[in-house]
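Data file: target-v3.pdb. Format and content: PDB, C-alpha atoms.
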```pdb
ATOM      1  CA  MET A   1       0.000   0.000   0.000
ATOM      2  CA  THR A   2       1.380   3.387  -0.985
ATOM      3  CA  THR A   3       0.820   6.573   0.912
ATOM      4  CA  SER A   4       1.348  10.116  -0.272
ATOM      5  CA  THR A   5       2.979  12.955   1.578
ATOM      6  CA  GLU A   6       2.199  16.606   0.914
ATOM      7  CA  LEU A   7       5.084  18.922   0.084
ATOM      8  CA  ARG A   8       4.291  20.995   3.143
ATOM      9  CA  ALA A   9       4.495  17.996   5.507
ATOM     10  CA  ALA A  10       7.693  16.663   3.925
ATOM     11  CA  LEU A  11       9.312  20.092   4.081
ATOM     12  CA  ASN A  12       8.382  20.730   7.702
ATOM     13  CA  ALA A  13       9.630  17.282   8.734
ATOM     14  CA  ALA A  14      12.941  17.916   6.974
ATOM     15  CA  VAL A  15      13.338  21.315   8.629
ATOM     16  CA  ARG A  16      12.862  19.735  12.057
ATOM     17  CA  GLN A  17      15.468  17.068  11.305
ATOM     18  CA  LEU A  18      17.997  19.620  10.101
ATOM     19  CA  GLU A  19      17.387  21.943  13.041
ATOM     20  CA  HIS A  20      17.825  19.033  15.430
ATOM     21  CA  SER A  21      21.172  18.237  13.796
ATOM     22  CA  GLY A  22      22.370  21.824  14.319
ATOM     23  CA  THR A  23      22.212  22.982  10.705
ATOM     24  CA  ASP A  24      22.264  26.805  10.653
ATOM     25  CA  SER A  25      20.254  27.189   7.448
ATOM     26  CA  ALA A  26      17.736  24.389   8.006
ATOM     27  CA  ARG A  27      14.721  25.831   6.174
ATOM     28  CA  LEU A  28      16.720  27.145   3.225
ATOM     29  CA  ASP A  29      18.543  23.825   2.837
ATOM     30  CA  ALA A  30      15.297  21.863   3.100
ATOM     31  CA  GLU A  31      13.603  24.036   0.482
ATOM     32  CA  VAL A  32      16.526  23.918  -1.949
ATOM     33  CA  LEU A  33      16.764  20.129  -1.704
ATOM     34  CA  LEU A  34      13.023  19.590  -2.125
ATOM     35  CA  ALA A  35      12.936  21.923  -5.134
ATOM     36  CA  HIS A  36      15.850  19.936  -6.563
ATOM     37  CA  VAL A  37      14.002  16.636  -6.124
ATOM     38  CA  LEU A  38      10.941  18.088  -7.880
ATOM     39  CA  ASP A  39      13.015  19.889 -10.538
ATOM     40  CA  LYS A  40      11.099  23.066  -9.691
ATOM     41  CA  GLN A  41      11.880  26.566  -8.455
ATOM     42  CA  ARG A  42      11.587  27.151  -4.692
ATOM     43  CA  VAL A  43       8.521  29.359  -5.238
ATOM     44  CA  TYR A  44       6.659  26.207  -6.352
ATOM     45  CA  LEU A  45       6.818  24.924  -2.760
ATOM     46  CA  LEU A  46       4.972  27.992  -1.529
ATOM     47  CA  THR A  47       2.461  28.008  -4.360
ATOM     48  CA  TRP A  48       1.506  24.326  -4.248
ATOM     49  CA  PRO A  49       2.177  23.121  -0.671
ATOM     50  CA  GLU A  50      -0.652  20.584  -0.860
ATOM     51  CA  GLN A  51       0.826  18.742  -3.856
ATOM     52  CA  ALA A  52       1.809  15.164  -3.091
ATOM     53  CA  LEU A  53       5.235  13.598  -3.419
ATOM     54  CA  THR A  54       5.514  10.213  -5.039
ATOM     55  CA  ASP A  55       7.104   7.484  -2.930
ATOM     56  CA  GLU A  56      10.200   7.700  -5.117
ATOM     57  CA  GLN A  57      10.462  11.457  -4.643
ATOM     58  CA  HIS A  58       9.910  11.182  -0.904
ATOM     59  CA  ASN A  59      12.607   8.509  -0.546
ATOM     60  CA  HIS A  60      15.042  10.539  -2.642
ATOM     61  CA  TYR A  61      14.336  13.636  -0.559
ATOM     62  CA  GLN A  62      14.920  11.782   2.695
ATOM     63  CA  GLN A  63      18.222  10.424   1.374
ATOM     64  CA  LEU A  64      19.372  13.975   0.587
ATOM     65  CA  ILE A  65      18.286  15.228   4.008
ATOM     66  CA  ASP A  66      20.203  12.373   5.672
ATOM     67  CA  GLN A  67      23.329  13.306   3.694
ATOM     68  CA  ARG A  68      22.916  16.977   4.618
ATOM     69  CA  ILE A  69      22.664  15.993   8.284
ATOM     70  CA  GLN A  70      26.006  14.227   7.813
ATOM     71  CA  GLY A  71      27.466  17.553   6.615
ATOM     72  CA  VAL A  72      27.520  17.059   2.846
ATOM     73  CA  PRO A  73      27.221  20.545   1.275
ATOM     74  CA  VAL A  74      23.933  21.371  -0.438
ATOM     75  CA  ALA A  75      25.830  22.333  -3.595
ATOM     76  CA  TYR A  76      27.289  18.840  -3.866
ATOM     77  CA  LEU A  77      23.886  17.258  -3.237
ATOM     78  CA  THR A  78      22.237  19.276  -6.008
ATOM     79  CA  GLY A  79      25.312  19.454  -8.247
ATOM     80  CA  MET A  80      24.685  23.156  -8.746
ATOM     81  CA  ARG A  81      25.743  26.523  -7.306
ATOM     82  CA  GLU A  82      24.974  30.042  -8.491
ATOM     83  CA  PHE A  83      27.892  32.457  -8.865
ATOM     84  CA  TRP A  84      27.692  35.943 -10.383
ATOM     85  CA  SER A  85      24.088  35.008 -11.338
ATOM     86  CA  LEU A  86      25.417  32.103 -13.407
ATOM     87  CA  PRO A  87      24.208  28.557 -12.644
ATOM     88  CA  LEU A  88      27.328  26.400 -12.350
ATOM     89  CA  THR A  89      27.666  22.651 -12.146
ATOM     90  CA  VAL A  90      29.900  21.630  -9.226
ATOM     91  CA  SER A  91      31.174  18.322  -7.882
ATOM     92  CA  ASN A  92      33.410  17.164  -5.063
ATOM     93  CA  ASP A  93      36.309  17.624  -7.507
ATOM     94  CA  THR A  94      35.785  21.400  -7.329
ATOM     95  CA  LEU A  95      35.539  24.020  -4.625
ATOM     96  CA  ILE A  96      32.077  25.421  -4.038
ATOM     97  CA  PRO A  97      32.041  28.991  -5.432
ATOM     98  CA  ARG A  98      31.379  31.502  -2.658
ATOM     99  CA  PRO A  99      30.071  35.075  -2.618
ATOM    100  CA  ASP A 100      33.426  36.310  -1.265
ATOM    101  CA  THR A 101      35.023  35.439  -4.601
ATOM    102  CA  GLU A 102      32.677  37.763  -6.458
ATOM    103  CA  THR A 103      34.858  40.539  -5.007
ATOM    104  CA  LEU A 104      37.724  39.291  -7.170
ATOM    105  CA  VAL A 105      35.487  39.432 -10.255
ATOM    106  CA  SER A 106      34.386  42.983  -9.401
ATOM    107  CA  ILE A 107      37.941  44.264  -8.978
ATOM    108  CA  ALA A 108      39.052  42.536 -12.169
ATOM    109  CA  LEU A 109      36.257  44.233 -14.114
ATOM    110  CA  GLN A 110      37.336  47.583 -12.663
ATOM    111  CA  LYS A 111      40.879  47.028 -13.920
ATOM    112  CA  LEU A 112      39.531  46.139 -17.374
ATOM    113  CA  GLN A 113      37.468  49.312 -17.717
ATOM    114  CA  GLY A 114      38.417  51.279 -20.812
ATOM    115  CA  GLN A 115      40.548  48.424 -22.128
ATOM    116  CA  GLN A 116      39.472  46.352 -25.125
ATOM    117  CA  ASP A 117      40.429  42.871 -26.330
ATOM    118  CA  GLN A 118      42.397  42.002 -23.212
ATOM    119  CA  ARG A 119      43.955  38.596 -22.535
ATOM    120  CA  ILE A 120      43.096  37.213 -19.087
ATOM    121  CA  CYS A 121      44.312  34.135 -17.241
ATOM    122  CA  ASP A 122      42.455  32.481 -14.353
ATOM    123  CA  LEU A 123      44.845  30.219 -12.444
ATOM    124  CA  GLY A 124      43.285  27.304 -10.558
ATOM    125  CA  THR A 125      39.870  27.771 -12.135
ATOM    126  CA  GLY A 126      38.059  24.869 -10.434
ATOM    127  CA  SER A 127      34.456  24.957 -11.679
ATOM    128  CA  GLY A 128      35.386  27.896 -13.916
ATOM    129  CA  ALA A 129      33.474  30.395 -11.775
ATOM    130  CA  ILE A 130      35.830  33.382 -12.054
ATOM    131  CA  ALA A 131      36.754  32.904 -15.701
ATOM    132  CA  LEU A 132      33.150  32.386 -16.775
ATOM    133  CA  ALA A 133      31.917  35.388 -14.813
ATOM    134  CA  LEU A 134      34.526  37.573 -16.516
ATOM    135  CA  ALA A 135      33.790  36.018 -19.905
ATOM    136  CA  SER A 136      30.088  36.744 -19.501
ATOM    137  CA  GLU A 137      30.774  40.401 -18.730
ATOM    138  CA  ARG A 138      33.532  40.934 -21.290
ATOM    139  CA  PRO A 139      32.826  38.994 -24.492
ATOM    140  CA  ASP A 140      35.513  41.057 -26.228
ATOM    141  CA  CYS A 141      38.219  39.562 -24.023
ATOM    142  CA  GLU A 142      40.029  36.255 -24.447
ATOM    143  CA  LEU A 143      40.352  34.092 -21.343
ATOM    144  CA  LEU A 144      42.498  31.098 -20.487
ATOM    145  CA  ALA A 145      41.439  29.054 -17.453
ATOM    146  CA  THR A 146      43.875  26.538 -15.966
ATOM    147  CA  ASP A 147      43.798  23.917 -13.271
ATOM    148  CA  ILE A 148      46.074  21.077 -12.200
ATOM    149  CA  SER A 149      43.006  18.826 -11.844
ATOM    150  CA  ALA A 150      41.697  17.210 -15.026
ATOM    151  CA  ALA A 151      38.423  16.424 -13.225
ATOM    152  CA  SER A 152      37.937  20.110 -12.329
ATOM    153  CA  LEU A 153      38.654  21.205 -15.885
ATOM    154  CA  GLU A 154      36.056  18.766 -17.178
ATOM    155  CA  ILE A 155      33.450  20.475 -14.993
ATOM    156  CA  ALA A 156      34.638  23.942 -16.086
ATOM    157  CA  VAL A 157      34.438  23.011 -19.777
ATOM    158  CA  GLN A 158      30.924  21.661 -19.187
ATOM    159  CA  ASN A 159      29.896  24.925 -17.503
ATOM    160  CA  ALA A 160      31.252  27.019 -20.362
ATOM    161  CA  ALA A 161      29.298  24.931 -22.860
ATOM    162  CA  GLN A 162      26.073  25.093 -20.827
ATOM    163  CA  LEU A 163      26.386  28.886 -20.561
ATOM    164  CA  GLY A 164      27.273  29.311 -24.238
ATOM    165  CA  LEU A 165      30.503  31.170 -23.415
ATOM    166  CA  HIS A 166      32.978  30.684 -26.238
ATOM    167  CA  ASN A 167      35.675  33.210 -25.360
ATOM    168  CA  VAL A 168      37.237  30.927 -22.734
ATOM    169  CA  SER A 169      39.759  28.160 -23.389
ATOM    170  CA  PHE A 170      40.965  25.618 -20.852
ATOM    171  CA  GLN A 171      44.349  24.056 -20.174
ATOM    172  CA  GLN A 172      45.624  21.617 -17.578
ATOM    173  CA  SER A 173      48.592  23.206 -15.838
ATOM    174  CA  ASP A 174      50.341  23.265 -12.480
ATOM    175  CA  TRP A 175      50.105  27.045 -12.121
ATOM    176  CA  PHE A 176      52.399  28.453 -14.860
ATOM    177  CA  LEU A 177      54.103  25.208 -15.858
ATOM    178  CA  ALA A 178      52.240  24.630 -19.145
ATOM    179  CA  LEU A 179      51.823  28.272 -20.174
ATOM    180  CA  ALA A 180      55.065  28.506 -22.180
ATOM    181  CA  GLU A 181      55.691  32.114 -23.285
ATOM    182  CA  GLN A 182      52.121  33.384 -23.137
ATOM    183  CA  GLN A 183      51.463  36.934 -21.974
ATOM    184  CA  PHE A 184      48.358  38.322 -20.283
ATOM    185  CA  ASP A 185      46.990  41.751 -19.491
ATOM    186  CA  LEU A 186      45.407  40.399 -16.299
ATOM    187  CA  ILE A 187      46.046  37.325 -14.169
ATOM    188  CA  VAL A 188      43.518  36.397 -11.476
ATOM    189  CA  SER A 189      43.524  33.557  -8.989
ATOM    190  CA  ASN A 190      41.692  32.201  -5.976
ATOM    191  CA  PRO A 191      44.454  29.805  -4.887
ATOM    192  CA  PRO A 192      44.662  27.596  -1.797
ATOM    193  CA  TYR A 193      45.351  29.857   1.199
ATOM    194  CA  ILE A 194      44.387  27.920   4.326
ATOM    195  CA  ALA A 195      47.146  26.989   6.771
ATOM    196  CA  LEU A 196      47.832  23.283   7.246
ATOM    197  CA  GLN A 197      46.709  23.231  10.893
ATOM    198  CA  ASP A 198      43.774  25.635  10.555
ATOM    199  CA  PRO A 199      40.862  24.274  12.642
ATOM    200  CA  HIS A 200      38.376  25.405   9.974
ATOM    201  CA  LEU A 201      39.505  22.438   7.869
ATOM    202  CA  THR A 202      37.518  20.197  10.193
ATOM    203  CA  GLN A 203      34.362  22.333  10.125
ATOM    204  CA  GLY A 204      31.479  22.938   7.754
ATOM    205  CA  ASP A 205      31.516  22.423   4.004
ATOM    206  CA  VAL A 206      35.307  22.471   3.620
ATOM    207  CA  VAL A 207      35.495  19.015   5.203
ATOM    208  CA  HIS A 208      34.039  17.670   1.939
ATOM    209  CA  GLU A 209      35.941  19.908  -0.494
ATOM    210  CA  PRO A 210      39.190  18.877  -2.263
ATOM    211  CA  ARG A 211      42.070  19.426   0.170
ATOM    212  CA  GLN A 212      44.557  20.375  -2.561
ATOM    213  CA  ALA A 213      42.349  23.343  -3.445
ATOM    214  CA  LEU A 214      42.322  24.583   0.159
ATOM    215  CA  VAL A 215      45.641  24.049   1.949
ATOM    216  CA  SER A 216      48.873  25.888   1.171
ATOM    217  CA  GLY A 217      51.689  25.276   3.629
ATOM    218  CA  SER A 218      52.102  26.000   7.306
ATOM    219  CA  GLU A 219      50.894  29.623   7.037
ATOM    220  CA  GLY A 220      48.634  29.321   3.998
ATOM    221  CA  LEU A 221      50.905  31.552   1.899
ATOM    222  CA  ASP A 222      52.889  29.081  -0.215
ATOM    223  CA  ASP A 223      50.753  29.278  -3.363
ATOM    224  CA  LEU A 224      50.209  33.029  -3.037
ATOM    225  CA  LEU A 225      53.995  33.466  -2.988
ATOM    226  CA  HIS A 226      54.510  31.067  -5.875
ATOM    227  CA  ILE A 227      51.995  32.913  -8.062
ATOM    228  CA  ALA A 228      53.318  36.359  -7.148
ATOM    229  CA  THR A 229      56.848  35.230  -7.934
ATOM    230  CA  GLY A 230      56.017  33.654 -11.273
ATOM    231  CA  ALA A 231      53.317  35.941 -12.633
ATOM    232  CA  GLN A 232      55.635  38.732 -13.753
ATOM    233  CA  ASP A 233      56.987  36.448 -16.487
ATOM    234  CA  TYR A 234      53.488  36.132 -17.901
ATOM    235  CA  LEU A 235      52.146  39.659 -17.463
ATOM    236  CA  CYS A 236      52.262  42.247 -20.208
ATOM    237  CA  PRO A 237      53.935  45.526 -19.231
ATOM    238  CA  THR A 238      51.664  47.288 -16.702
ATOM    239  CA  GLY A 239      49.480  44.150 -16.484
ATOM    240  CA  TRP A 240      47.715  43.390 -13.194
ATOM    241  CA  LEU A 241      47.841  40.401 -10.855
ATOM    242  CA  LEU A 242      44.830  40.011  -8.537
ATOM    243  CA  LEU A 243      44.745  37.403  -5.768
ATOM    244  CA  GLU A 244      42.003  36.287  -3.412
ATOM    245  CA  HIS A 245      43.239  35.393   0.073
ATOM    246  CA  GLY A 246      42.048  34.822   3.625
ATOM    247  CA  TRP A 247      40.457  37.685   5.514
ATOM    248  CA  GLN A 248      43.556  38.072   7.727
ATOM    249  CA  GLN A 249      46.149  37.694   4.960
ATOM    250  CA  ALA A 250      45.972  41.073   3.214
ATOM    251  CA  GLU A 251      49.060  42.499   4.934
ATOM    252  CA  ALA A 252      51.163  39.400   4.270
ATOM    253  CA  THR A 253      49.996  39.195   0.637
ATOM    254  CA  CYS A 254      50.747  42.859  -0.027
ATOM    255  CA  LYS A 255      54.174  42.445   1.571
ATOM    256  CA  LEU A 256      55.127  39.615  -0.753
ATOM    257  CA  LEU A 257      53.808  41.530  -3.781
ATOM    258  CA  VAL A 258      55.943  44.536  -2.862
ATOM    259  CA  GLU A 259      58.957  42.285  -2.306
ATOM    260  CA  GLN A 260      58.465  40.889  -5.810
ATOM    261  CA  GLY A 261      58.520  44.390  -7.283
ATOM    262  CA  TYR A 262      54.867  44.979  -8.044
ATOM    263  CA  GLN A 263      53.669  48.562  -8.251
ATOM    264  CA  ASN A 264      50.416  50.158  -7.028
ATOM    265  CA  VAL A 265      49.912  47.310  -4.568
ATOM    266  CA  SER A 266      46.564  47.503  -2.806
ATOM    267  CA  SER A 267      43.826  45.458  -1.112
ATOM    268  CA  TRP A 268      40.054  45.546  -1.525
ATOM    269  CA  PRO A 269      37.266  44.525   0.893
ATOM    270  CA  ASP A 270      34.478  42.038   0.353
ATOM    271  CA  GLU A 271      30.856  42.833   1.218
ATOM    272  CA  THR A 272      31.493  42.114   4.905
ATOM    273  CA  GLY A 273      34.307  44.665   5.033
ATOM    274  CA  HIS A 274      37.136  42.137   5.235
ATOM    275  CA  LEU A 275      40.109  42.715   2.942
ATOM    276  CA  ARG A 276      39.679  39.764   0.597
ATOM    277  CA  VAL A 277      41.599  40.639  -2.599
ATOM    278  CA  SER A 278      45.091  42.070  -3.054
ATOM    279  CA  GLY A 279      46.950  42.871  -6.209
ATOM    280  CA  GLY A 280      49.627  44.815  -7.943
ATOM    281  CA  GLN A 281      50.763  45.982 -11.330
ATOM    282  CA  ARG A 282      53.828  44.836 -13.173
ATOM    283  CA  PRO A 283      55.961  47.917 -13.849
ATOM    284  CA  GLY A 284      56.651  48.468 -17.529
ATOM    285  CA  ASN A 285      60.404  48.127 -17.061
ATOM    286  CA  THR A 286      60.282  44.861 -15.104
ATOM    287  CA  VAL A 287      63.139  42.552 -16.060
ATOM    288  CA  LYS A 288      62.245  38.883 -16.187
ATOM    289  CA  ASN A 289      64.072  36.622 -13.791
ATOM    290  CA  ARG A 290      63.326  33.002 -14.564
TER     291      ARG A 290
END
```

Will you turn the file into structure tokens for me?
Amino acid sequence: MTTSTELRAALNAAVRQLEHSGTDSARLDAEVLLAHVLDKQRVYLLTWPEQALTDEQHNHYQQLIDQRIQGVPVAYLTGMREFWSLPLTVSNDTLIPRPDTETLVSIALQKLQGQQDQRICDLGTGSGAIALALASERPDCELLATDISAASLEIAVQNAAQLGLHNVSFQQSDWFLALAEQQFDLIVSNPPYIALQDPHLTQGDVVHEPRQALVSGSEGLDDLLHIATGAQDYLCPTGWLLLEHGWQQAEATCKLLVEQGYQNVSSWPDETGHLRVSGGQRPGNTVKNR
């Protein structure tokens, strides 16, 4: 004998389970997961709360709720995350794009103002979030997105195709290793910047995210230093390097940029007021030191 469960009852039961488990965003998570199961927008849940779930849908929904209780991020459960108003496919091979990173996109677009047909490189692209956001805003520009992970690049290529963005190319590379003699007007990156022993690595969504995309040495600065050191060889004269970093790393990041000879070094805050992006400009007379 089959029984049916109304959307409203299933949703309220899921919210109670998530709240009991300590989930901070219980109702939002429950709504997003139920909308995903139904392949509907969240507004559908409010409009048709008396609609019945099939047994298959109800079982699927409960499985997702159980996984969320175990800490699996909602983005991995749905396979989707919005960034810069773009729907992006994500998987546990990629970081989950976060609102903080939209600051990097905003600053990059500021640096591109008044400049046409620029060449841009996104190092460590993951799901392609930064590169695709820039590509969507600047169709006149040519972008190269790189990542050491072939699995991540596969997701990024899929996202570009789904969004119909054709001004982005993709290349597997360990930072600059496969870039040969290419030159760019702008290099952007959201590299790993969490310290090896940071307690946040055992909390929240990051527990399920790829470790190699998070951790960077004992102080979290190894990859930031590596990129700052190498980028001058790949920047056009007066080209900009922009780096996302931790909210307490602005001073250290600016210091290493200055030590590497960058000019006009500065930091910019995210929407919460934390300095989240730092960058500098390659002086026109920089001499390459390979």

Report task. For stretch 256-261 of chain A, work out the shell of residues within 9 Å, counting only C-alpha atoms and skipping chain neighbours fewer than 2 positions away, then give it as a list in words. Result ->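 Residues near the query, excluding close chain neighbours: Leu224, Leu225, Ala228, Thr229, Gln232, Glu251, Ala252, Thr253, Cys254, Gln263, Asn264, Val265, Ser278, Gly279, Gly280, Gln281, Arg282, Pro283 and Thr286 of chain A.
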
Query raised in the report: At what distance in Å, to one decimal, does atom CA of A:Ser127 lie from atom CA of A:Gly79?
Result: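 Atom-to-atom, atom CA of A:Gly79 to atom CA of A:Ser127, that is 11.2 Å.
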
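Across the model, the gap from atom CA of A:Asp122 to atom CA of A:Thr146 is 6.3 Å.
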
**Report entry** the PyMOL selection byres ((chain A and resi 85) around 12) resolved against shown file, as a ChimeraX atom specification
**Finding:** /A:81-84,86-88,97-99,102,129-130,132-134,136-137,163

Report task. Between A:Leu143, A:Val105, A:Ala14, A:Ile194, single out the one closest to A:Asp117, counting all atoms listed in the file. Result -> A:Leu143

**Report entry** Proximity to A:Gln115 - best of A:Ala231, A:Gln51, A:Gly239, A:Glu154, all atoms listed in the file
**Finding:**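 Ranked by minimum distance to A:Gln115, first place goes to A:Gly239.
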
Requested in this report: Take atom CA of A:Leu34 and atom CA of A:Ala156 and report the distance between them in Å, one decimal.
Outcome: 26.1 Å

For the structure provided, state which residues fall under the PyMOL selection byres ((chain A and resi 60) around 12), and present them as an mmCIF file with C-alpha atoms, in the coordinates of the input.
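Full text of selection06.cif as output:
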```cif
data_model
loop_
_atom_site.group_PDB
_atom_site.id
_atom_site.type_symbol
_atom_site.label_atom_id
_atom_site.label_comp_id
_atom_site.auth_asym_id
_atom_site.auth_seq_id
_atom_site.Cartn_x
_atom_site.Cartn_y
_atom_site.Cartn_z
ATOM 1 C CA ALA A 10 7.693 16.663 3.925
ATOM 2 C CA LEU A 33 16.764 20.129 -1.704
ATOM 3 C CA LEU A 34 13.023 19.590 -2.125
ATOM 4 C CA ALA A 35 12.936 21.923 -5.134
ATOM 5 C CA HIS A 36 15.850 19.936 -6.563
ATOM 6 C CA VAL A 37 14.002 16.636 -6.124
ATOM 7 C CA LEU A 38 10.941 18.088 -7.880
ATOM 8 C CA LEU A 53 5.235 13.598 -3.419
ATOM 9 C CA THR A 54 5.514 10.213 -5.039
ATOM 10 C CA ASP A 55 7.104 7.484 -2.930
ATOM 11 C CA GLU A 56 10.200 7.700 -5.117
ATOM 12 C CA GLN A 57 10.462 11.457 -4.643
ATOM 13 C CA HIS A 58 9.910 11.182 -0.904
ATOM 14 C CA ASN A 59 12.607 8.509 -0.546
ATOM 15 C CA TYR A 61 14.336 13.636 -0.559
ATOM 16 C CA GLN A 62 14.920 11.782 2.695
ATOM 17 C CA GLN A 63 18.222 10.424 1.374
ATOM 18 C CA LEU A 64 19.372 13.975 0.587
ATOM 19 C CA ILE A 65 18.286 15.228 4.008
ATOM 20 C CA ASP A 66 20.203 12.373 5.672
ATOM 21 C CA GLN A 67 23.329 13.306 3.694
ATOM 22 C CA LEU A 77 23.886 17.258 -3.237
ATOM 23 C CA THR A 78 22.237 19.276 -6.008
#
```

Query - Within 8 Å of file point (52.4, 33.3, -21.6), counting all atoms listed in the file, expressed as a VMD selection string - result: chain A and resid 179 to 184 233 to 235

Residues of the last selection are to be written out with C-alpha atoms, as an mmCIF file, keeping the file's coordinate frame.
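selection.cif, written as the output of this step:
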```
data_model
loop_
_atom_site.group_PDB
_atom_site.id
_atom_site.type_symbol
_atom_site.label_atom_id
_atom_site.label_comp_id
_atom_site.auth_asym_id
_atom_site.auth_seq_id
_atom_site.Cartn_x
_atom_site.Cartn_y
_atom_site.Cartn_z
ATOM 1 C CA LEU A 179 51.823 28.272 -20.174
ATOM 2 C CA ALA A 180 55.065 28.506 -22.180
ATOM 3 C CA GLU A 181 55.691 32.114 -23.285
ATOM 4 C CA GLN A 182 52.121 33.384 -23.137
ATOM 5 C CA GLN A 183 51.463 36.934 -21.974
ATOM 6 C CA PHE A 184 48.358 38.322 -20.283
ATOM 7 C CA ASP A 233 56.987 36.448 -16.487
ATOM 8 C CA TYR A 234 53.488 36.132 -17.901
ATOM 9 C CA LEU A 235 52.146 39.659 -17.463
#
```

Requested in this report: Decode the PyMOL selection byres ((chain A and resi 73) around 12) for the given file into explicit residues and return them as a PyMOL selection string.
Outcome: chain A and resi 23+25+29+32-33+64-72+74-81+90-92+95-97+203-209

I'd like the box whose edges run along x, y and z of the file and which contains every listed atom of stretch 87-100 of chain A, padded by 5 Å per side; could you state its centre and edge lengths in Å, one decimal, as lines of an AutoDock Vina configuration file?
```
center_x = 30.3
center_y = 26.7
center_z = -7.0
size_x = 22.1
size_y = 29.1
size_z = 21.4
```

Requested in this report: Dig up all the protein and nucleic acid residues within 7 Å of (11.0, 22.0, 3.0) in the file frame, using all atoms listed in the file, and format them as a list in words.
Outcome: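 Those residues lying close to the given coordinates are Arg8, Ala10, Leu11, Asn12, Ala14, Val15, Arg27, Ala30, Glu31 and Leu34 of chain A.
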
Write the selection just made, keeping C-alpha atoms, as a short mmCIF file (atom, residue, chain, number, x, y, z; two decimals), in the coordinates of the input?
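After the write, part11.cif holds the following:
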```cif
data_model
loop_
_atom_site.label_atom_id
_atom_site.label_comp_id
_atom_site.auth_asym_id
_atom_site.auth_seq_id
_atom_site.Cartn_x
_atom_site.Cartn_y
_atom_site.Cartn_z
CA ARG A 8 4.29 21.00 3.14
CA ALA A 10 7.69 16.66 3.92
CA LEU A 11 9.31 20.09 4.08
CA ASN A 12 8.38 20.73 7.70
CA ALA A 14 12.94 17.92 6.97
CA VAL A 15 13.34 21.32 8.63
CA ARG A 27 14.72 25.83 6.17
CA ALA A 30 15.30 21.86 3.10
CA GLU A 31 13.60 24.04 0.48
CA LEU A 34 13.02 19.59 -2.12
#
```

Requested in this report: Kindly indicate which residue among A:Cys141, A:Ala161, A:Ala52, A:Ile227 lies nearest to A:Phe176, using only C-alpha atoms for the distances.
Outcome: A:Ile227

Requested in this report: Within 10 Å of A:Leu104, counting all atoms listed in the file, which residues show up once you throw out same-chain ones fewer than 6 positions away? Write them as a list in words, please.
Outcome: Gln110, Ile130, Val188, Ser189, Asn190, Leu242, Leu243, Glu244, His245, Trp268, Pro269, Asp270, Arg276, Val277, Ser278 and Gly279 of chain A

Selection export as a PDB file, in the frame of the given file, atoms kept: C-alpha atoms:
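Output saved as out13.pdb:
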```pdb
ATOM      1  CA  GLN A 110      37.336  47.583 -12.663  1.00  0.00           C
ATOM      2  CA  ILE A 130      35.830  33.382 -12.054  1.00  0.00           C
ATOM      3  CA  VAL A 188      43.518  36.397 -11.476  1.00  0.00           C
ATOM      4  CA  SER A 189      43.524  33.557  -8.989  1.00  0.00           C
ATOM      5  CA  ASN A 190      41.692  32.201  -5.976  1.00  0.00           C
ATOM      6  CA  LEU A 242      44.830  40.011  -8.537  1.00  0.00           C
ATOM      7  CA  LEU A 243      44.745  37.403  -5.768  1.00  0.00           C
ATOM      8  CA  GLU A 244      42.003  36.287  -3.412  1.00  0.00           C
ATOM      9  CA  HIS A 245      43.239  35.393   0.073  1.00  0.00           C
ATOM     10  CA  TRP A 268      40.054  45.546  -1.525  1.00  0.00           C
ATOM     11  CA  PRO A 269      37.266  44.525   0.893  1.00  0.00           C
ATOM     12  CA  ASP A 270      34.478  42.038   0.353  1.00  0.00           C
ATOM     13  CA  ARG A 276      39.679  39.764   0.597  1.00  0.00           C
ATOM     14  CA  VAL A 277      41.599  40.639  -2.599  1.00  0.00           C
ATOM     15  CA  SER A 278      45.091  42.070  -3.054  1.00  0.00           C
ATOM     16  CA  GLY A 279      46.950  42.871  -6.209  1.00  0.00           C
TER      17      GLY A 279
END
```

**Report entry** Proximity to A:Gly273 - best of A:Asp140, A:Leu177, A:Gln248, A:Thr238, only C-alpha atoms
**Finding:**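 Nearest to A:Gly273: A:Gln248.
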
Query raised in the report: Between A:Val157, A:Ala131, A:Leu123, A:Ala150, which one has atoms that come closest to A:Trp175, using all atoms listed in the file?
Result: A:Leu123
